[in-house]
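**Q** Okay, here's the structure, questions in a sec.
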Number of protein chains: 2
Amino acid sequence: MMGNKEFHTFRGYEIIKKNKEHLTPSMEDYLEMIYRNCQEEGYVRISKLAEKLNVKASSASKTVSKLAEIGHLDYEKYGIIRLTTKGEIMGAFLLDRHETVEAFLRHIGVLDTVLLETELIEHYLSIDTVKNIKILNEFLTNSPEVLEKLRHFKANYDDRNPPACGR
Amino acid sequence: MMGNKEFHTFRGYEIIKKNKEHLTPSMEDYLEMIYRNCQEEGYVRISKLAEKLNVKASSASKTVSKLAEIGHLDYEKYGIIRLTTKGEIMGAFLLDRHETVEAFLRHIGVLDTVLLETELIEHYLSIDTVKNIKILNEFLTNSPEVLEKLRHFKANYDDRNPPACGR
DNA sequence: ATCATAAGTTAGCCTAGGGAAACTTTTTCA
DNA sequence: TGAAAAAGTTTCCCTAGGCTAACTTATGAT
């Protein structure tokens with residue numbers, strides 16, 4: 001009995017969200033990385049950005065132009081990339097969101113794939129959900145005894161739940 | 001100082017994962033929905049699937065053919081859609097993953113957007129992460145006192161953290 | 001049994017975002 | 001200062017997964 005909730009495919013959701021000057025996941029990745037670099041050096045260039053994001057310069061060039069059009073970047077051909085105030089605010093949000101997700105994944109015991117999964121998940125969290133995760137993170141950080149219990153619970157989990165078809 | 005971690009854009013990750021018979025997010029959505037329907041009625045048809053996923057029949061037809069090629073479905077032109085054993089196993093996994101994410105979001109207090117975000121996030125979680133979230137869910141379910149503390153912590157959060165630039 | 005309608009498929013188009021290759025601009029340095 | 005190298009851009013191509021329109025197959029009612 002699943003009620004009459006509205007399902008959409010992943011792509012469908014993306015299309016729904018895509019109006020106005022909505023940032024796509026890729027654009028968010030670019031902006032986040034630009035923000036990181038501008039924090040350190042005040043600006044960044046296409047080649048460096050492309051290198052850090054593991055894409056080709058041609059792709060970076062294209063996307064940076066889009067971000068500039070939307071008003072997140074100060075950029076003109078062959079020049080350096082800087083954030084506008086708008087871009088600065090957005091970048092700070094994106095980085096914070098990233099760190100929130102990353103911290104959460106570490107809290108629950110994800111190890112090797114933290115960065116990979118953070119990058120994938122972060123784009124799809126609403127502001128509200130990020131906030132809720134942030135609260136959970138803080139709650140756990142401030143409650144070492146709870147974290148301890150969780151670790152204990154986790155350690156015993158496999159004993160209580162043997163692999164399916166086990167025995 | 002962020003070390004020399006490897007960043008990729010969202011798209012880049014997708015491309016990395018995309019080898020072999022990897023299911024794309026859309027294909028996962030289709031398979032999950034097919035699984036839900038087959039649980040209830042044993043089979044499903046293109047038109048019903050398209051309706052439930054809010055896509056056109058032409059799109060559903062295309063994707064179903066792909067899923068059949070990969071061996072998840074028993075399907076031939078104009079016929080009914082059934083799961084193969086392989087598809088059954090995959091579908092069960094997908095549904096479980098979905099429910100795990102959904103339960104987690106509810107635990108942390110996400111309300112209105114639960115379905116939307118579940119659909120978006122689920123595709124990007126590794127098996128390991130799903131398992132960790134599952135453990136967290138169980139832990140919380142089994143520890144009403146912790147959940148109570150979390151709710152309390154959350155209730156007080158805004159007092160301790162006034163909106164940015166507040167005052 | 002036939003024919004209208006419903007269901008499904010195919011072909012062709014669109015978009016984002018990747019890449020390669022060719023071209024242009026900028027920088028460097030002898 | 002001028003030529004080679006590096007950096008950036010443009011054009012064109014590819015893929016997935018939507019869509020529409022046109023076509024094909026299946027169904028059901030008389």
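Going through the structure tokens in order, the chains are called A, B, and so on, while each chain numbers its residues from 1 and the ligands are numbered from 1 in the order shown.
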Hey, could you lay chain B over chain A with a least-squares C-alpha fit (all atoms, paired in order) and save it as a short mmCIF file (atom, residue, chain, number, x, y, z; two decimals) with N, CA and C atoms, in the first residue's frame?

**A**
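Contents of the output file out_34.cif:
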```
data_model
loop_
_atom_site.label_atom_id
_atom_site.label_comp_id
_atom_site.auth_asym_id
_atom_site.auth_seq_id
_atom_site.Cartn_x
_atom_site.Cartn_y
_atom_site.Cartn_z
N MET B 1 0.74 -1.32 -0.28
CA MET B 1 -0.10 -0.11 -0.32
C MET B 1 0.79 1.12 -0.28
N MET B 2 1.15 1.64 -1.38
CA MET B 2 2.08 2.75 -1.31
C MET B 2 1.46 4.11 -1.56
N GLY B 3 0.17 4.16 -1.47
CA GLY B 3 -0.47 5.47 -1.65
C GLY B 3 -0.23 5.98 -3.05
N ASN B 4 -0.58 7.21 -3.29
CA ASN B 4 -0.42 7.73 -4.64
C ASN B 4 0.67 8.79 -4.71
N LYS B 5 1.79 8.45 -4.12
CA LYS B 5 2.92 9.37 -4.20
C LYS B 5 3.33 9.54 -5.66
N GLU B 6 3.96 10.62 -5.92
CA GLU B 6 4.41 10.92 -7.27
C GLU B 6 5.86 10.47 -7.46
N PHE B 7 6.07 9.50 -8.29
CA PHE B 7 7.44 9.08 -8.59
C PHE B 7 7.89 9.71 -9.89
N HIS B 8 9.16 9.93 -9.97
CA HIS B 8 9.74 10.38 -11.23
C HIS B 8 11.05 9.66 -11.36
N THR B 9 11.50 9.54 -12.58
CA THR B 9 12.85 8.99 -12.69
C THR B 9 13.80 10.09 -12.28
N PHE B 10 14.99 9.66 -12.00
CA PHE B 10 16.06 10.56 -11.63
C PHE B 10 16.14 11.74 -12.60
N ARG B 11 16.15 11.43 -13.86
CA ARG B 11 16.25 12.46 -14.90
C ARG B 11 15.08 13.43 -14.81
N GLY B 12 13.92 12.86 -14.54
CA GLY B 12 12.73 13.69 -14.43
C GLY B 12 12.87 14.74 -13.35
N TYR B 13 13.44 14.33 -12.23
CA TYR B 13 13.64 15.29 -11.14
C TYR B 13 14.59 16.39 -11.56
N GLU B 14 15.62 15.98 -12.25
CA GLU B 14 16.59 16.98 -12.71
C GLU B 14 15.90 18.00 -13.59
N ILE B 15 15.05 17.50 -14.47
CA ILE B 15 14.35 18.39 -15.38
C ILE B 15 13.43 19.33 -14.63
N ILE B 16 12.77 18.81 -13.63
CA ILE B 16 11.88 19.64 -12.83
C ILE B 16 12.64 20.79 -12.17
N LYS B 17 13.81 20.44 -11.63
CA LYS B 17 14.58 21.45 -10.90
C LYS B 17 15.22 22.48 -11.80
N LYS B 18 15.35 22.12 -13.07
CA LYS B 18 16.27 22.84 -13.95
C LYS B 18 15.89 24.25 -14.42
N ASN B 19 14.82 24.77 -13.95
CA ASN B 19 14.42 26.08 -14.45
C ASN B 19 15.31 27.21 -13.93
N LYS B 20 14.99 28.40 -14.31
CA LYS B 20 15.70 29.60 -13.87
C LYS B 20 17.21 29.47 -14.00
N GLU B 21 17.91 29.94 -13.01
CA GLU B 21 19.36 29.84 -13.09
C GLU B 21 19.87 28.75 -12.16
N HIS B 22 19.14 27.74 -12.06
CA HIS B 22 19.53 26.57 -11.27
C HIS B 22 20.89 26.03 -11.70
N LEU B 23 21.72 25.71 -10.75
CA LEU B 23 23.02 25.12 -11.05
C LEU B 23 22.90 23.61 -11.19
N THR B 24 23.47 23.08 -12.25
CA THR B 24 23.49 21.63 -12.38
C THR B 24 24.58 21.06 -11.47
N PRO B 25 24.53 19.75 -11.23
CA PRO B 25 25.57 19.13 -10.40
C PRO B 25 26.98 19.49 -10.87
N SER B 26 27.21 19.44 -12.16
CA SER B 26 28.55 19.78 -12.66
C SER B 26 28.91 21.23 -12.34
N MET B 27 27.97 22.10 -12.57
CA MET B 27 28.25 23.50 -12.30
C MET B 27 28.54 23.71 -10.82
N GLU B 28 27.85 22.98 -9.99
CA GLU B 28 28.13 23.06 -8.55
C GLU B 28 29.55 22.61 -8.24
N ASP B 29 29.96 21.54 -8.88
CA ASP B 29 31.32 21.06 -8.66
C ASP B 29 32.36 22.10 -9.06
N TYR B 30 32.12 22.71 -10.20
CA TYR B 30 33.05 23.75 -10.65
C TYR B 30 33.08 24.90 -9.66
N LEU B 31 31.91 25.35 -9.28
CA LEU B 31 31.85 26.51 -8.39
C LEU B 31 32.49 26.19 -7.05
N GLU B 32 32.25 25.02 -6.57
CA GLU B 32 32.85 24.62 -5.29
C GLU B 32 34.37 24.62 -5.39
N MET B 33 34.87 24.08 -6.47
CA MET B 33 36.33 24.04 -6.64
C MET B 33 36.91 25.44 -6.84
N ILE B 34 36.21 26.25 -7.59
CA ILE B 34 36.67 27.64 -7.77
C ILE B 34 36.72 28.33 -6.41
N TYR B 35 35.70 28.08 -5.62
CA TYR B 35 35.66 28.68 -4.29
C TYR B 35 36.86 28.24 -3.44
N ARG B 36 37.13 26.95 -3.43
CA ARG B 36 38.28 26.45 -2.66
C ARG B 36 39.56 27.18 -3.07
N ASN B 37 39.75 27.30 -4.39
CA ASN B 37 40.99 27.90 -4.87
C ASN B 37 41.07 29.39 -4.60
N CYS B 38 39.93 30.04 -4.74
CA CYS B 38 39.93 31.49 -4.50
C CYS B 38 40.17 31.78 -3.02
N GLN B 39 39.74 30.88 -2.17
CA GLN B 39 40.02 31.07 -0.75
C GLN B 39 41.52 31.08 -0.51
N GLU B 40 42.21 30.22 -1.25
CA GLU B 40 43.65 30.10 -1.03
C GLU B 40 44.46 31.16 -1.77
N GLU B 41 44.05 31.44 -3.01
CA GLU B 41 44.90 32.30 -3.83
C GLU B 41 44.20 33.52 -4.41
N GLY B 42 42.94 33.66 -4.13
CA GLY B 42 42.24 34.84 -4.63
C GLY B 42 41.68 34.71 -6.02
N TYR B 43 42.24 33.80 -6.79
CA TYR B 43 41.73 33.60 -8.15
C TYR B 43 42.14 32.20 -8.59
N VAL B 44 41.68 31.81 -9.76
CA VAL B 44 42.10 30.54 -10.31
C VAL B 44 42.05 30.66 -11.82
N ARG B 45 42.76 29.79 -12.52
CA ARG B 45 42.76 29.83 -13.98
C ARG B 45 42.15 28.55 -14.53
N ILE B 46 41.75 28.63 -15.78
CA ILE B 46 41.11 27.50 -16.43
C ILE B 46 41.93 26.21 -16.30
N SER B 47 43.20 26.29 -16.60
CA SER B 47 44.01 25.07 -16.64
C SER B 47 44.09 24.41 -15.27
N LYS B 48 44.24 25.24 -14.25
CA LYS B 48 44.35 24.69 -12.90
C LYS B 48 43.01 24.05 -12.48
N LEU B 49 41.95 24.74 -12.79
CA LEU B 49 40.63 24.24 -12.47
C LEU B 49 40.38 22.91 -13.16
N ALA B 50 40.71 22.86 -14.44
CA ALA B 50 40.50 21.64 -15.22
C ALA B 50 41.30 20.50 -14.60
N GLU B 51 42.51 20.81 -14.23
CA GLU B 51 43.37 19.78 -13.65
C GLU B 51 42.77 19.24 -12.35
N LYS B 52 42.34 20.15 -11.49
CA LYS B 52 41.80 19.74 -10.20
C LYS B 52 40.51 18.94 -10.34
N LEU B 53 39.75 19.26 -11.35
CA LEU B 53 38.47 18.57 -11.54
C LEU B 53 38.59 17.35 -12.45
N ASN B 54 39.81 17.14 -12.94
CA ASN B 54 40.02 16.01 -13.84
C ASN B 54 39.15 16.07 -15.09
N VAL B 55 39.07 17.26 -15.65
CA VAL B 55 38.42 17.40 -16.96
C VAL B 55 39.39 18.13 -17.88
N LYS B 56 39.06 18.21 -19.14
CA LYS B 56 39.91 18.91 -20.09
C LYS B 56 39.61 20.41 -20.04
N ALA B 57 40.59 21.18 -20.45
CA ALA B 57 40.44 22.63 -20.41
C ALA B 57 39.23 23.09 -21.23
N SER B 58 38.97 22.41 -22.32
CA SER B 58 37.85 22.82 -23.16
C SER B 58 36.52 22.72 -22.40
N SER B 59 36.40 21.69 -21.61
CA SER B 59 35.17 21.54 -20.82
C SER B 59 35.09 22.62 -19.76
N ALA B 60 36.20 22.86 -19.11
CA ALA B 60 36.21 23.87 -18.06
C ALA B 60 35.86 25.24 -18.64
N SER B 61 36.43 25.53 -19.80
CA SER B 61 36.18 26.81 -20.44
C SER B 61 34.68 27.02 -20.68
N LYS B 62 34.06 25.99 -21.20
CA LYS B 62 32.62 26.06 -21.48
C LYS B 62 31.83 26.36 -20.20
N THR B 63 32.09 25.59 -19.18
CA THR B 63 31.30 25.71 -17.96
C THR B 63 31.56 27.03 -17.24
N VAL B 64 32.82 27.45 -17.24
CA VAL B 64 33.16 28.71 -16.59
C VAL B 64 32.41 29.86 -17.27
N SER B 65 32.32 29.81 -18.57
CA SER B 65 31.58 30.86 -19.28
C SER B 65 30.13 30.89 -18.84
N LYS B 66 29.56 29.71 -18.69
CA LYS B 66 28.17 29.66 -18.23
C LYS B 66 28.02 30.26 -16.84
N LEU B 67 28.92 29.87 -15.95
CA LEU B 67 28.84 30.38 -14.58
C LEU B 67 29.01 31.89 -14.55
N ALA B 68 29.83 32.41 -15.45
CA ALA B 68 30.02 33.85 -15.51
C ALA B 68 28.75 34.53 -16.01
N GLU B 69 28.14 33.94 -17.01
CA GLU B 69 26.88 34.48 -17.55
C GLU B 69 25.82 34.60 -16.46
N ILE B 70 25.73 33.58 -15.64
CA ILE B 70 24.73 33.56 -14.59
C ILE B 70 25.07 34.54 -13.48
N GLY B 71 26.30 35.00 -13.50
CA GLY B 71 26.66 36.02 -12.52
C GLY B 71 27.40 35.53 -11.30
N HIS B 72 27.93 34.31 -11.37
CA HIS B 72 28.68 33.82 -10.22
C HIS B 72 30.17 34.16 -10.31
N LEU B 73 30.60 34.45 -11.52
CA LEU B 73 32.04 34.69 -11.69
C LEU B 73 32.31 36.00 -12.43
N ASP B 74 33.45 36.57 -12.10
CA ASP B 74 34.04 37.65 -12.88
C ASP B 74 35.02 36.99 -13.81
N TYR B 75 34.75 37.05 -15.08
CA TYR B 75 35.63 36.34 -15.99
C TYR B 75 35.50 36.89 -17.39
N GLU B 76 36.62 37.17 -18.01
CA GLU B 76 36.55 37.40 -19.43
C GLU B 76 37.64 36.61 -20.11
N LYS B 77 37.36 36.31 -21.35
CA LYS B 77 38.22 35.45 -22.16
C LYS B 77 39.70 35.58 -21.82
N TYR B 78 40.34 34.50 -21.64
CA TYR B 78 41.78 34.42 -21.42
C TYR B 78 42.23 35.03 -20.10
N GLY B 79 41.28 35.45 -19.29
CA GLY B 79 41.64 36.12 -18.04
C GLY B 79 41.67 35.18 -16.85
N ILE B 80 41.67 35.77 -15.67
CA ILE B 80 41.64 34.96 -14.46
C ILE B 80 40.21 34.86 -13.97
N ILE B 81 39.95 33.85 -13.18
CA ILE B 81 38.61 33.59 -12.67
C ILE B 81 38.52 34.07 -11.23
N ARG B 82 37.54 34.93 -10.97
CA ARG B 82 37.29 35.38 -9.61
C ARG B 82 35.81 35.20 -9.31
N LEU B 83 35.49 35.14 -8.06
CA LEU B 83 34.09 35.02 -7.66
C LEU B 83 33.46 36.39 -7.53
N THR B 84 32.22 36.51 -7.95
CA THR B 84 31.45 37.70 -7.61
C THR B 84 30.93 37.51 -6.19
N THR B 85 30.27 38.48 -5.66
CA THR B 85 29.70 38.33 -4.32
C THR B 85 28.70 37.19 -4.31
N LYS B 86 27.91 37.15 -5.33
CA LYS B 86 26.94 36.07 -5.49
C LYS B 86 27.62 34.71 -5.50
N GLY B 87 28.70 34.62 -6.28
CA GLY B 87 29.43 33.36 -6.37
C GLY B 87 30.09 32.99 -5.05
N GLU B 88 30.54 33.99 -4.35
CA GLU B 88 31.18 33.80 -3.05
C GLU B 88 30.19 33.16 -2.07
N ILE B 89 28.99 33.72 -2.07
CA ILE B 89 27.97 33.21 -1.16
C ILE B 89 27.60 31.78 -1.53
N MET B 90 27.41 31.56 -2.81
CA MET B 90 27.05 30.23 -3.28
C MET B 90 28.17 29.24 -2.98
N GLY B 91 29.40 29.64 -3.26
CA GLY B 91 30.54 28.77 -3.03
C GLY B 91 30.66 28.38 -1.56
N ALA B 92 30.45 29.33 -0.69
CA ALA B 92 30.54 29.05 0.74
C ALA B 92 29.49 28.02 1.13
N PHE B 93 28.30 28.20 0.56
CA PHE B 93 27.24 27.24 0.84
C PHE B 93 27.63 25.85 0.35
N LEU B 94 28.16 25.78 -0.85
CA LEU B 94 28.51 24.49 -1.44
C LEU B 94 29.59 23.79 -0.64
N LEU B 95 30.58 24.56 -0.21
CA LEU B 95 31.66 23.94 0.56
C LEU B 95 31.15 23.45 1.91
N ASP B 96 30.32 24.26 2.52
CA ASP B 96 29.75 23.86 3.80
C ASP B 96 28.93 22.58 3.64
N ARG B 97 28.17 22.54 2.58
CA ARG B 97 27.34 21.36 2.32
C ARG B 97 28.22 20.14 2.14
N HIS B 98 29.26 20.33 1.37
CA HIS B 98 30.20 19.24 1.14
C HIS B 98 30.76 18.72 2.46
N GLU B 99 31.19 19.64 3.29
CA GLU B 99 31.82 19.23 4.55
C GLU B 99 30.81 18.57 5.48
N THR B 100 29.59 19.02 5.38
CA THR B 100 28.54 18.42 6.20
C THR B 100 28.32 16.96 5.81
N VAL B 101 28.22 16.74 4.53
CA VAL B 101 27.99 15.37 4.06
C VAL B 101 29.19 14.49 4.40
N GLU B 102 30.36 15.05 4.17
CA GLU B 102 31.57 14.28 4.44
C GLU B 102 31.66 13.90 5.92
N ALA B 103 31.37 14.85 6.77
CA ALA B 103 31.43 14.57 8.21
C ALA B 103 30.42 13.50 8.60
N PHE B 104 29.24 13.60 8.00
CA PHE B 104 28.21 12.61 8.30
C PHE B 104 28.66 11.21 7.91
N LEU B 105 29.19 11.10 6.70
CA LEU B 105 29.62 9.77 6.23
C LEU B 105 30.70 9.20 7.14
N ARG B 106 31.58 10.06 7.61
CA ARG B 106 32.62 9.57 8.52
C ARG B 106 32.01 9.14 9.85
N HIS B 107 31.02 9.89 10.29
CA HIS B 107 30.36 9.54 11.55
C HIS B 107 29.78 8.14 11.50
N ILE B 108 29.16 7.83 10.35
CA ILE B 108 28.51 6.51 10.30
C ILE B 108 29.47 5.41 9.87
N GLY B 109 30.72 5.76 9.70
CA GLY B 109 31.70 4.70 9.49
C GLY B 109 32.10 4.41 8.06
N VAL B 110 31.73 5.30 7.13
CA VAL B 110 32.20 5.12 5.76
C VAL B 110 33.67 5.54 5.71
N LEU B 111 34.48 4.77 5.06
CA LEU B 111 35.90 5.06 5.07
C LEU B 111 36.45 5.40 3.68
N ASP B 112 36.68 4.38 2.92
CA ASP B 112 37.38 4.55 1.64
C ASP B 112 36.68 5.47 0.65
N THR B 113 35.36 5.39 0.63
CA THR B 113 34.63 6.03 -0.45
C THR B 113 34.05 7.38 -0.07
N VAL B 114 34.51 7.93 1.02
CA VAL B 114 33.91 9.17 1.52
C VAL B 114 33.89 10.28 0.48
N LEU B 115 35.02 10.55 -0.11
CA LEU B 115 35.07 11.67 -1.06
C LEU B 115 34.18 11.40 -2.27
N LEU B 116 34.33 10.21 -2.80
CA LEU B 116 33.53 9.80 -3.95
C LEU B 116 32.04 10.00 -3.69
N GLU B 117 31.58 9.47 -2.58
CA GLU B 117 30.14 9.54 -2.31
C GLU B 117 29.68 10.93 -1.95
N THR B 118 30.52 11.65 -1.25
CA THR B 118 30.16 13.02 -0.92
C THR B 118 29.90 13.80 -2.20
N GLU B 119 30.83 13.69 -3.13
CA GLU B 119 30.70 14.40 -4.40
C GLU B 119 29.41 14.03 -5.13
N LEU B 120 29.03 12.80 -5.00
CA LEU B 120 27.85 12.35 -5.73
C LEU B 120 26.56 12.76 -5.07
N ILE B 121 26.55 12.65 -3.75
CA ILE B 121 25.31 12.87 -3.01
C ILE B 121 24.98 14.34 -2.85
N GLU B 122 25.97 15.12 -2.54
CA GLU B 122 25.75 16.48 -2.07
C GLU B 122 24.80 17.30 -2.94
N HIS B 123 24.86 17.05 -4.24
CA HIS B 123 24.07 17.87 -5.16
C HIS B 123 22.57 17.70 -4.99
N TYR B 124 22.19 16.66 -4.33
CA TYR B 124 20.78 16.33 -4.30
C TYR B 124 20.13 16.54 -2.96
N LEU B 125 20.82 17.24 -2.09
CA LEU B 125 20.25 17.48 -0.77
C LEU B 125 19.67 18.88 -0.71
N SER B 126 18.47 18.97 -0.19
CA SER B 126 17.87 20.28 -0.01
C SER B 126 18.57 21.00 1.13
N ILE B 127 18.37 22.28 1.18
CA ILE B 127 18.94 23.07 2.27
C ILE B 127 18.47 22.52 3.61
N ASP B 128 17.22 22.17 3.64
CA ASP B 128 16.63 21.65 4.87
C ASP B 128 17.32 20.36 5.31
N THR B 129 17.55 19.50 4.37
CA THR B 129 18.19 18.22 4.70
C THR B 129 19.63 18.42 5.14
N VAL B 130 20.33 19.31 4.46
CA VAL B 130 21.71 19.60 4.87
C VAL B 130 21.70 20.08 6.31
N LYS B 131 20.75 20.92 6.61
CA LYS B 131 20.68 21.45 7.97
C LYS B 131 20.42 20.32 8.97
N ASN B 132 19.52 19.44 8.61
CA ASN B 132 19.23 18.33 9.50
C ASN B 132 20.43 17.42 9.70
N ILE B 133 21.19 17.21 8.64
CA ILE B 133 22.38 16.38 8.77
C ILE B 133 23.41 17.09 9.64
N LYS B 134 23.50 18.38 9.44
CA LYS B 134 24.41 19.20 10.25
C LYS B 134 24.07 19.07 11.73
N ILE B 135 22.81 19.14 12.02
CA ILE B 135 22.37 19.01 13.41
C ILE B 135 22.74 17.64 13.95
N LEU B 136 22.49 16.63 13.13
CA LEU B 136 22.85 15.28 13.56
C LEU B 136 24.35 15.18 13.83
N ASN B 137 25.14 15.74 12.94
CA ASN B 137 26.60 15.73 13.14
C ASN B 137 26.98 16.38 14.46
N GLU B 138 26.41 17.54 14.69
CA GLU B 138 26.75 18.25 15.92
C GLU B 138 26.31 17.47 17.14
N PHE B 139 25.13 16.91 17.01
CA PHE B 139 24.61 16.10 18.11
C PHE B 139 25.57 14.97 18.43
N LEU B 140 26.02 14.28 17.39
CA LEU B 140 26.92 13.15 17.61
C LEU B 140 28.26 13.62 18.15
N THR B 141 28.74 14.71 17.60
CA THR B 141 30.02 15.23 18.07
C THR B 141 29.96 15.61 19.55
N ASN B 142 28.81 16.14 19.94
CA ASN B 142 28.66 16.57 21.33
C ASN B 142 28.26 15.45 22.28
N SER B 143 28.02 14.28 21.74
CA SER B 143 27.58 13.17 22.60
C SER B 143 28.49 11.97 22.42
N PRO B 144 29.67 12.05 22.97
CA PRO B 144 30.61 10.95 22.79
C PRO B 144 30.02 9.62 23.24
N GLU B 145 29.16 9.69 24.24
CA GLU B 145 28.60 8.43 24.75
C GLU B 145 27.65 7.80 23.72
N VAL B 146 26.96 8.64 22.99
CA VAL B 146 26.08 8.11 21.95
C VAL B 146 26.93 7.51 20.82
N LEU B 147 27.95 8.24 20.43
CA LEU B 147 28.84 7.74 19.39
C LEU B 147 29.46 6.41 19.81
N GLU B 148 29.77 6.33 21.07
CA GLU B 148 30.36 5.10 21.60
C GLU B 148 29.36 3.95 21.49
N LYS B 149 28.12 4.24 21.87
CA LYS B 149 27.07 3.23 21.77
C LYS B 149 26.86 2.80 20.32
N LEU B 150 26.89 3.80 19.44
CA LEU B 150 26.70 3.49 18.02
C LEU B 150 27.82 2.59 17.52
N ARG B 151 29.01 2.91 17.92
CA ARG B 151 30.15 2.09 17.48
C ARG B 151 30.00 0.66 17.98
N HIS B 152 29.56 0.57 19.22
CA HIS B 152 29.36 -0.73 19.83
C HIS B 152 28.26 -1.51 19.10
N PHE B 153 27.17 -0.80 18.83
CA PHE B 153 26.03 -1.39 18.11
C PHE B 153 26.48 -1.91 16.76
N LYS B 154 27.27 -1.10 16.10
CA LYS B 154 27.77 -1.46 14.79
C LYS B 154 28.68 -2.69 14.85
N ALA B 155 29.51 -2.70 15.87
CA ALA B 155 30.45 -3.82 16.00
C ALA B 155 29.71 -5.14 16.14
N ASN B 156 28.56 -5.08 16.79
CA ASN B 156 27.80 -6.30 17.02
C ASN B 156 26.82 -6.62 15.91
N TYR B 157 26.71 -5.71 14.97
CA TYR B 157 25.66 -5.84 13.96
C TYR B 157 25.76 -7.13 13.16
N ASP B 158 26.95 -7.42 12.72
CA ASP B 158 27.11 -8.59 11.87
C ASP B 158 26.80 -9.90 12.59
N ASP B 159 27.02 -9.90 13.90
CA ASP B 159 26.69 -11.10 14.65
C ASP B 159 25.17 -11.30 14.66
N ARG B 160 24.46 -10.20 14.84
CA ARG B 160 23.01 -10.31 14.91
C ARG B 160 22.39 -10.51 13.53
N ASN B 161 23.09 -10.05 12.49
CA ASN B 161 22.55 -10.12 11.14
C ASN B 161 23.51 -10.80 10.19
N PRO B 162 23.57 -12.11 10.29
CA PRO B 162 24.49 -12.84 9.42
C PRO B 162 24.12 -12.58 7.97
N PRO B 163 25.08 -12.70 7.09
CA PRO B 163 24.85 -12.48 5.66
C PRO B 163 23.63 -13.25 5.18
N ALA B 164 22.89 -12.67 4.26
CA ALA B 164 21.68 -13.32 3.74
C ALA B 164 22.03 -14.73 3.28
N CYS B 165 21.10 -15.65 3.46
CA CYS B 165 21.29 -17.03 3.01
C CYS B 165 22.42 -17.70 3.77
N GLY B 166 22.84 -17.11 4.84
CA GLY B 166 23.93 -17.66 5.61
C GLY B 166 23.53 -18.97 6.27
N ARG B 167 24.39 -19.51 7.09
CA ARG B 167 24.16 -20.76 7.83
C ARG B 167 24.32 -21.97 6.95
#
```

**Q** As number ranges by chain, please: every residue in chain B that DSSP puts in helix (DSSP H, G or I).

**A** B: 10-17, 25-41, 46-53, 57-70, 85-107, 114-124, 127-142, 144-160

**Q** Quick one: contact table of chain D to chain B, 10 Å max, nearest atom pair and distance in Å to one decimal per residue, counting only C-alpha atoms (C1' of nucleotides), chain and number order, as a tab-separated table?

**A**
```
residue	atom	partner	partner_atom	distance
D:DA16	C1'	B:Thr24	CA	8.8
D:DG17	C1'	B:Ser59	CA	7.6
D:DG18	C1'	B:Ser59	CA	7.1
D:DC19	C1'	B:Lys56	CA	7.8
D:DT20	C1'	B:Ser58	CA	9.6
D:DT25	C1'	B:Tyr78	CA	7.5
D:DA26	C1'	B:Tyr78	CA	8.0
```

**Q** As an MDAnalysis selection string, please: all residues of chain B that backbone DSSP puts in strand (DSSP E).

**A** chainID B and resid 73:74 82:83

**Q** I need the chain C residues near chain A as an NGL selection string; criterion: at most 9 Å, counting only C-alpha atoms (C1' of nucleotides).

**A** :C and (16-19 or 25-26)

**Q** For D:DT30, find every residue with an atom within 12 Å (counting only C-alpha atoms (C1' of nucleotides)), except residues of its own chain fewer than 2 positions away, and show them as an NGL selection string.

**A** (:C and (1-4)) or (:D and (28))

**Q** Go ahead and write the selection's residues with N, CA, C and O atoms (P, O5', C5', C4', C3', O3' and C1' of nucleotides) as a compact mmCIF listing (two decimals), in the first residue's frame.

**A**
```
# COMPACT_ATOMS: atom_id res chain seq x y z
P DA C 1 -14.47 -15.66 -38.20
O5' DA C 1 -14.50 -14.22 -38.85
C5' DA C 1 -14.74 -14.10 -40.24
C4' DA C 1 -14.90 -12.65 -40.48
C3' DA C 1 -13.60 -11.92 -40.77
O3' DA C 1 -13.98 -10.81 -41.57
C1' DA C 1 -14.47 -11.10 -38.75
P DT C 2 -13.02 -10.16 -42.58
O5' DT C 2 -13.22 -8.64 -42.14
C5' DT C 2 -14.56 -8.13 -42.05
C4' DT C 2 -14.56 -6.89 -41.18
C3' DT C 2 -13.37 -5.95 -41.38
O3' DT C 2 -13.92 -4.65 -41.41
C1' DT C 2 -13.62 -6.43 -39.10
P DC C 3 -13.35 -3.57 -42.42
O5' DC C 3 -13.45 -2.26 -41.53
C5' DC C 3 -14.53 -2.14 -40.61
C4' DC C 3 -14.06 -1.57 -39.28
C3' DC C 3 -12.90 -0.56 -39.39
O3' DC C 3 -13.19 0.49 -38.48
C1' DC C 3 -12.33 -2.19 -37.83
P DA C 4 -12.80 1.97 -38.78
O5' DA C 4 -12.88 2.65 -37.33
C5' DA C 4 -14.05 2.45 -36.53
C4' DA C 4 -13.67 2.47 -35.06
C3' DA C 4 -12.73 3.60 -34.67
O3' DA C 4 -13.12 4.07 -33.39
C1' DA C 4 -11.68 1.52 -34.20
P DG D 28 -9.17 -6.93 -24.66
O5' DG D 28 -10.32 -5.80 -24.62
C5' DG D 28 -10.21 -4.64 -25.48
C4' DG D 28 -11.55 -4.34 -26.12
C3' DG D 28 -12.70 -5.26 -25.74
O3' DG D 28 -13.90 -4.55 -26.05
C1' DG D 28 -12.28 -5.56 -27.97
```

**Q** For atom C1' of D:DA22 and atom C1' of C:DA7, determine how far apart the two atoms are, in Å to one decimal place.

**A**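 Going from atom C1' of D:DA22 over to atom C1' of C:DA7 covers 14.7 Å.
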
**Q** What does the distance between atom C1' of D:DT11 and atom C1' of C:DT27 come to in Å, to one decimal place?

**A** 25.0 Å
